[in-house]
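As structure tokens, the structure follows; a few thoughts come after it.
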Amino acid sequence: MAWIEPLTRHDRLGSPVLLRIAKEADAASLILHVEACDRESSFLSRESGESTATLLEERNLIRRYAEADNALFLLAEQQGKLVGTLTYTGWRLKRMRHTGRFGMSIRKTHWNQGIGGILLDAMIAWARSNGVTRKIGLEVQHVNERAIALYQTRGFVPEGRLHREMRIEGEWVDVILMSLWLDEPPV
Ligand SMILES: CC(C)(COP(=O)(O)OP(=O)(O)OC[C@H]1O[C@@H](n2cnc3c(N)ncnc32)[C@H](O)[C@@H]1OP(=O)(O)O)[C@@H](O)C(=O)NCCC(=O)NCCS
């Protein structure tokens with residue numbers, strides 16, 4: 001069971017941000033959030049309109065995250081509105097359960113207000129204490145300077161590069177793999 005208690009933090013402007021685990025009743029607003037983020041940013045994998053999750057699929061997804069001991073589906077809300085999400089997916093096989101990937105997206109109106117950092121810090125604290133996770137991975141487009149800068153402030157380091165992994169509006173985009181080791185980093 002991946003659980004953290006709801007937490008209140010404050011963004012750069014001093015406004016409260018509520019962090020809590022997604023529940024099945026959030027499915028409809030999560031579908032809208034994903035559609036909006038896909039529209040607002042080219043830094044995600046999907047183009048606008050490519051998200052196809054039904055309400056039932058989204059509910060099942062949320063339940064699977066809540067049941068796994070190495071997965072986390074975290075929401076950030078401001079004034080009762082969903083403004084950001086972070087999902088960490090730990091791998092299922094025993095040899096790789098200690099690691100996985102996360103992704104995050106914040107509504108464009110709320111970029112650069114510290115919410116991404118707040119979500120990251122909560123995930124790292126959860127990972128340190130869940131008894132399973134030892135290494136956190138992510139994939140980021142090489143052009144996503146804001147995200148790369150943010151991940152570096154939390155100790156993530158580049159571990160590899162997939163050349164021309166994406167093609168966005170006619171341009172090749174590389175994907176950088178970054179990792180954070182919760183114990184000693186390998187030499
Ligand atoms: C990337 C994202 C999650 C970051 O969240 P956020 O709430 O905007 O980030 P924060 O405000 O916590 O931190 C951003 C940091 O990057 C810095 N930054 C912003 N633009 C930057 C740029 N062009 N170059 C370098 N650093 C930059 C900010 O100054 C801030 O650093 P600081 O805390 O030291 O001042 C969010 O912008 C987002 O959802 N973007 C669209 C989707 C996306 O890219 N998801 C990640 C895919 S890997």
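We name chains A, B, ... following the order of the structure tokens; residues begin at 1 in each chain, and ligands are numbered from 1 as shown.
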| Skipping near chain neighbours, those fewer than 5 positions away, what residues fall within 12 Å of Ala125 (chain A) using only C-alpha atoms, listed as a ChimeraX atom specification? | /A:3-4,72,118-120,130-131,133-134,136,154,182
Now that the selection is made, can you save its residues with N, CA and C atoms as a compact mmCIF listing (two decimals), in the first residue's frame?
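Saved the output as result-v4.txt:
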# COMPACT_ATOMS: atom_id res chain seq x y z
N TRP A 3 1.10 4.84 0.60
CA TRP A 3 0.26 5.86 1.21
C TRP A 3 1.11 6.94 1.83
N ILE A 4 0.72 8.18 1.67
CA ILE A 4 1.25 9.23 2.54
C ILE A 4 0.06 10.05 2.99
N LEU A 72 3.21 5.36 -6.68
CA LEU A 72 2.65 6.54 -6.00
C LEU A 72 1.91 7.39 -7.01
N ILE A 118 7.78 20.88 -4.84
CA ILE A 118 7.03 20.35 -3.69
C ILE A 118 6.63 18.89 -3.94
N LEU A 119 6.14 18.61 -5.15
CA LEU A 119 5.76 17.23 -5.49
C LEU A 119 6.97 16.30 -5.46
N LEU A 120 8.09 16.78 -6.04
CA LEU A 120 9.31 15.97 -6.07
C LEU A 120 9.79 15.63 -4.66
N ASN A 130 9.55 3.90 1.97
CA ASN A 130 8.58 2.85 1.62
C ASN A 130 9.15 1.42 1.76
N GLY A 131 10.46 1.33 2.05
CA GLY A 131 11.05 0.02 2.30
C GLY A 131 11.38 -0.76 1.03
N THR A 133 12.04 1.16 -2.48
CA THR A 133 12.70 1.95 -3.53
C THR A 133 14.12 2.36 -3.13
N ARG A 134 15.08 2.13 -4.03
CA ARG A 134 16.47 2.54 -3.80
C ARG A 134 16.98 3.45 -4.90
N ILE A 136 15.51 6.11 -8.20
CA ILE A 136 14.37 6.72 -8.89
C ILE A 136 14.84 7.19 -10.27
N ARG A 154 17.49 18.45 -7.09
CA ARG A 154 17.17 17.37 -6.14
C ARG A 154 18.16 16.22 -6.25
N LEU A 182 19.11 6.50 -3.81
CA LEU A 182 18.78 6.87 -2.43
C LEU A 182 19.87 6.42 -1.46
| task | Pick out the residues no farther than 6 Å from ligand 1, counting only C-alpha atoms and all ligand atoms, and list them as a list in words. | result |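 Every residue with an atom at most 6 Å from ligand 1 is listed here: Ser41, Phe43, Leu44, Gly103, Met104, Ser105, Ile106, Trp111, Asn112, Gln113, Gly114, Ile115, Gly116, Gly117, Glu139, Val140, Glu145, Arg146, Ala147, Ala149 and Leu150 of chain A.
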Write a file of the selected residues as a PDB file, in the first residue's frame, keeping N, CA and C atoms.
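Output (again-v2.pdb):
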ATOM      1  N   SER A  41       1.498  21.681 -23.271  1.00  0.00           N
ATOM      2  CA  SER A  41       2.941  21.472 -23.268  1.00  0.00           C
ATOM      3  C   SER A  41       3.357  20.459 -24.317  1.00  0.00           C
ATOM      4  N   PHE A  43       6.267  19.090 -23.928  1.00  0.00           N
ATOM      5  CA  PHE A  43       7.307  18.347 -23.208  1.00  0.00           C
ATOM      6  C   PHE A  43       6.843  16.966 -22.748  1.00  0.00           C
ATOM      7  N   LEU A  44       5.589  16.622 -23.036  1.00  0.00           N
ATOM      8  CA  LEU A  44       5.066  15.314 -22.633  1.00  0.00           C
ATOM      9  C   LEU A  44       5.108  14.373 -23.828  1.00  0.00           C
ATOM     10  N   GLY A 103       6.777  10.516 -13.625  1.00  0.00           N
ATOM     11  CA  GLY A 103       6.467  11.608 -14.538  1.00  0.00           C
ATOM     12  C   GLY A 103       5.619  12.614 -13.796  1.00  0.00           C
ATOM     13  N   MET A 104       5.682  13.867 -14.216  1.00  0.00           N
ATOM     14  CA  MET A 104       4.868  14.871 -13.533  1.00  0.00           C
ATOM     15  C   MET A 104       4.397  15.931 -14.509  1.00  0.00           C
ATOM     16  N   SER A 105       3.255  16.519 -14.195  1.00  0.00           N
ATOM     17  CA  SER A 105       2.779  17.631 -15.021  1.00  0.00           C
ATOM     18  C   SER A 105       1.958  18.589 -14.173  1.00  0.00           C
ATOM     19  N   ILE A 106       2.250  19.869 -14.390  1.00  0.00           N
ATOM     20  CA  ILE A 106       1.612  20.969 -13.664  1.00  0.00           C
ATOM     21  C   ILE A 106       0.858  21.797 -14.707  1.00  0.00           C
ATOM     22  N   TRP A 111       3.062  26.963 -13.576  1.00  0.00           N
ATOM     23  CA  TRP A 111       4.487  26.667 -13.736  1.00  0.00           C
ATOM     24  C   TRP A 111       5.314  27.690 -12.961  1.00  0.00           C
ATOM     25  N   ASN A 112       6.513  27.253 -12.569  1.00  0.00           N
ATOM     26  CA  ASN A 112       7.502  28.146 -11.942  1.00  0.00           C
ATOM     27  C   ASN A 112       7.053  28.735 -10.624  1.00  0.00           C
ATOM     28  N   GLN A 113       6.128  28.085  -9.955  1.00  0.00           N
ATOM     29  CA  GLN A 113       5.679  28.575  -8.640  1.00  0.00           C
ATOM     30  C   GLN A 113       6.125  27.650  -7.515  1.00  0.00           C
ATOM     31  N   GLY A 114       6.985  26.706  -7.877  1.00  0.00           N
ATOM     32  CA  GLY A 114       7.541  25.831  -6.835  1.00  0.00           C
ATOM     33  C   GLY A 114       6.746  24.549  -6.610  1.00  0.00           C
ATOM     34  N   ILE A 115       5.654  24.361  -7.346  1.00  0.00           N
ATOM     35  CA  ILE A 115       4.797  23.192  -7.084  1.00  0.00           C
ATOM     36  C   ILE A 115       5.490  21.901  -7.530  1.00  0.00           C
ATOM     37  N   GLY A 116       6.216  21.969  -8.640  1.00  0.00           N
ATOM     38  CA  GLY A 116       6.956  20.786  -9.099  1.00  0.00           C
ATOM     39  C   GLY A 116       7.959  20.338  -8.033  1.00  0.00           C
ATOM     40  N   GLY A 117       8.666  21.300  -7.444  1.00  0.00           N
ATOM     41  CA  GLY A 117       9.635  20.975  -6.395  1.00  0.00           C
ATOM     42  C   GLY A 117       8.948  20.361  -5.182  1.00  0.00           C
ATOM     43  N   GLU A 139      12.596  10.120 -17.447  1.00  0.00           N
ATOM     44  CA  GLU A 139      12.971  10.417 -18.830  1.00  0.00           C
ATOM     45  C   GLU A 139      12.517  11.828 -19.137  1.00  0.00           C
ATOM     46  N   VAL A 140      13.407  12.617 -19.745  1.00  0.00           N
ATOM     47  CA  VAL A 140      13.061  14.018 -20.007  1.00  0.00           C
ATOM     48  C   VAL A 140      13.615  14.434 -21.376  1.00  0.00           C
ATOM     49  N   GLU A 145      14.430  22.505 -20.426  1.00  0.00           N
ATOM     50  CA  GLU A 145      15.443  23.069 -19.517  1.00  0.00           C
ATOM     51  C   GLU A 145      14.909  23.257 -18.096  1.00  0.00           C
ATOM     52  N   ARG A 146      13.649  23.653 -18.003  1.00  0.00           N
ATOM     53  CA  ARG A 146      13.078  23.893 -16.669  1.00  0.00           C
ATOM     54  C   ARG A 146      13.071  22.598 -15.857  1.00  0.00           C
ATOM     55  N   ALA A 147      12.579  21.523 -16.492  1.00  0.00           N
ATOM     56  CA  ALA A 147      12.483  20.254 -15.783  1.00  0.00           C
ATOM     57  C   ALA A 147      13.880  19.737 -15.414  1.00  0.00           C
ATOM     58  N   ALA A 149      16.635  21.399 -14.938  1.00  0.00           N
ATOM     59  CA  ALA A 149      17.187  22.222 -13.846  1.00  0.00           C
ATOM     60  C   ALA A 149      16.562  21.817 -12.514  1.00  0.00           C
ATOM     61  N   LEU A 150      15.262  21.600 -12.521  1.00  0.00           N
ATOM     62  CA  LEU A 150      14.575  21.219 -11.275  1.00  0.00           C
ATOM     63  C   LEU A 150      15.083  19.869 -10.769  1.00  0.00           C
TER      64      LEU A 150
END
| Do you have the CA of Glu40 (chain A)-CA of Ala66 (chain A) distance handy? |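 For CA of Glu40 (chain A) relative to CA of Ala66 (chain A), the distance reads 27.7 Å.
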| task | Based on DSSP run over this structure's backbone, return all residues of region 7-177 of chain A in strand (DSSP E or B), as a ChimeraX atom specification. | result | /A:7-10,16-21,71-78,81-90,100-106,135-141,157-168,171-177
Output C-alpha atoms for every residue in the selection just made, as a compact mmCIF listing (two decimals), in the first residue's frame.
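result19.txt, freshly written:
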# COMPACT_ATOMS: atom_id res chain seq x y z
CA LEU A 7 0.33 17.42 3.40
CA THR A 8 0.06 21.18 3.08
CA ARG A 9 3.01 23.11 1.65
CA HIS A 10 3.29 26.64 0.26
CA PRO A 16 -1.15 26.74 0.21
CA VAL A 17 -0.71 23.61 -1.88
CA LEU A 18 -2.44 20.44 -0.70
CA LEU A 19 -0.69 17.18 -1.60
CA ARG A 20 -2.69 13.97 -1.38
CA ILE A 21 -2.92 10.49 -2.88
CA ALA A 71 3.95 3.08 -6.78
CA LEU A 72 2.65 6.54 -6.00
CA PHE A 73 -0.09 8.69 -7.55
CA LEU A 74 0.21 12.11 -6.00
CA LEU A 75 -2.02 15.15 -6.61
CA ALA A 76 -1.38 18.83 -5.92
CA GLU A 77 -4.43 21.00 -5.33
CA GLN A 78 -4.88 24.70 -4.80
CA LYS A 81 -8.61 22.58 -7.86
CA LEU A 82 -6.24 20.00 -9.30
CA VAL A 83 -3.11 21.83 -10.51
CA GLY A 84 -0.48 19.09 -10.72
CA THR A 85 0.17 15.36 -10.64
CA LEU A 86 3.16 13.08 -10.11
CA THR A 87 3.08 9.35 -10.75
CA TYR A 88 5.92 7.05 -9.74
CA THR A 89 5.73 3.52 -11.13
CA GLY A 90 7.98 0.94 -9.52
CA GLY A 100 11.08 2.66 -11.56
CA ARG A 101 10.16 5.88 -13.37
CA PHE A 102 8.17 8.92 -12.50
CA GLY A 103 6.47 11.61 -14.54
CA MET A 104 4.87 14.87 -13.53
CA SER A 105 2.78 17.63 -15.02
CA ILE A 106 1.61 20.97 -13.66
CA LYS A 135 16.75 4.27 -7.19
CA ILE A 136 14.37 6.72 -8.89
CA GLY A 137 14.50 7.18 -12.66
CA LEU A 138 12.95 9.57 -15.14
CA GLU A 139 12.97 10.42 -18.83
CA VAL A 140 13.06 14.02 -20.01
CA GLN A 141 13.33 15.72 -23.39
CA VAL A 157 22.08 13.06 -12.62
CA PRO A 158 22.03 12.18 -16.32
CA GLU A 159 22.58 8.46 -16.91
CA GLY A 160 22.05 8.11 -20.63
CA ARG A 161 20.67 9.64 -23.79
CA LEU A 162 18.28 8.17 -26.37
CA HIS A 163 19.04 10.01 -29.59
CA ARG A 164 16.13 11.11 -31.82
CA GLU A 165 13.65 9.29 -29.59
CA MET A 166 10.92 11.81 -30.42
CA ARG A 167 9.93 13.93 -33.37
CA ILE A 168 8.03 17.07 -32.42
CA GLU A 171 12.31 18.48 -35.07
CA TRP A 172 14.23 15.55 -33.59
CA VAL A 173 14.24 15.47 -29.82
CA ASP A 174 16.53 13.34 -27.65
CA VAL A 175 15.39 11.81 -24.38
CA ILE A 176 17.72 12.00 -21.39
CA LEU A 177 17.54 9.34 -18.68
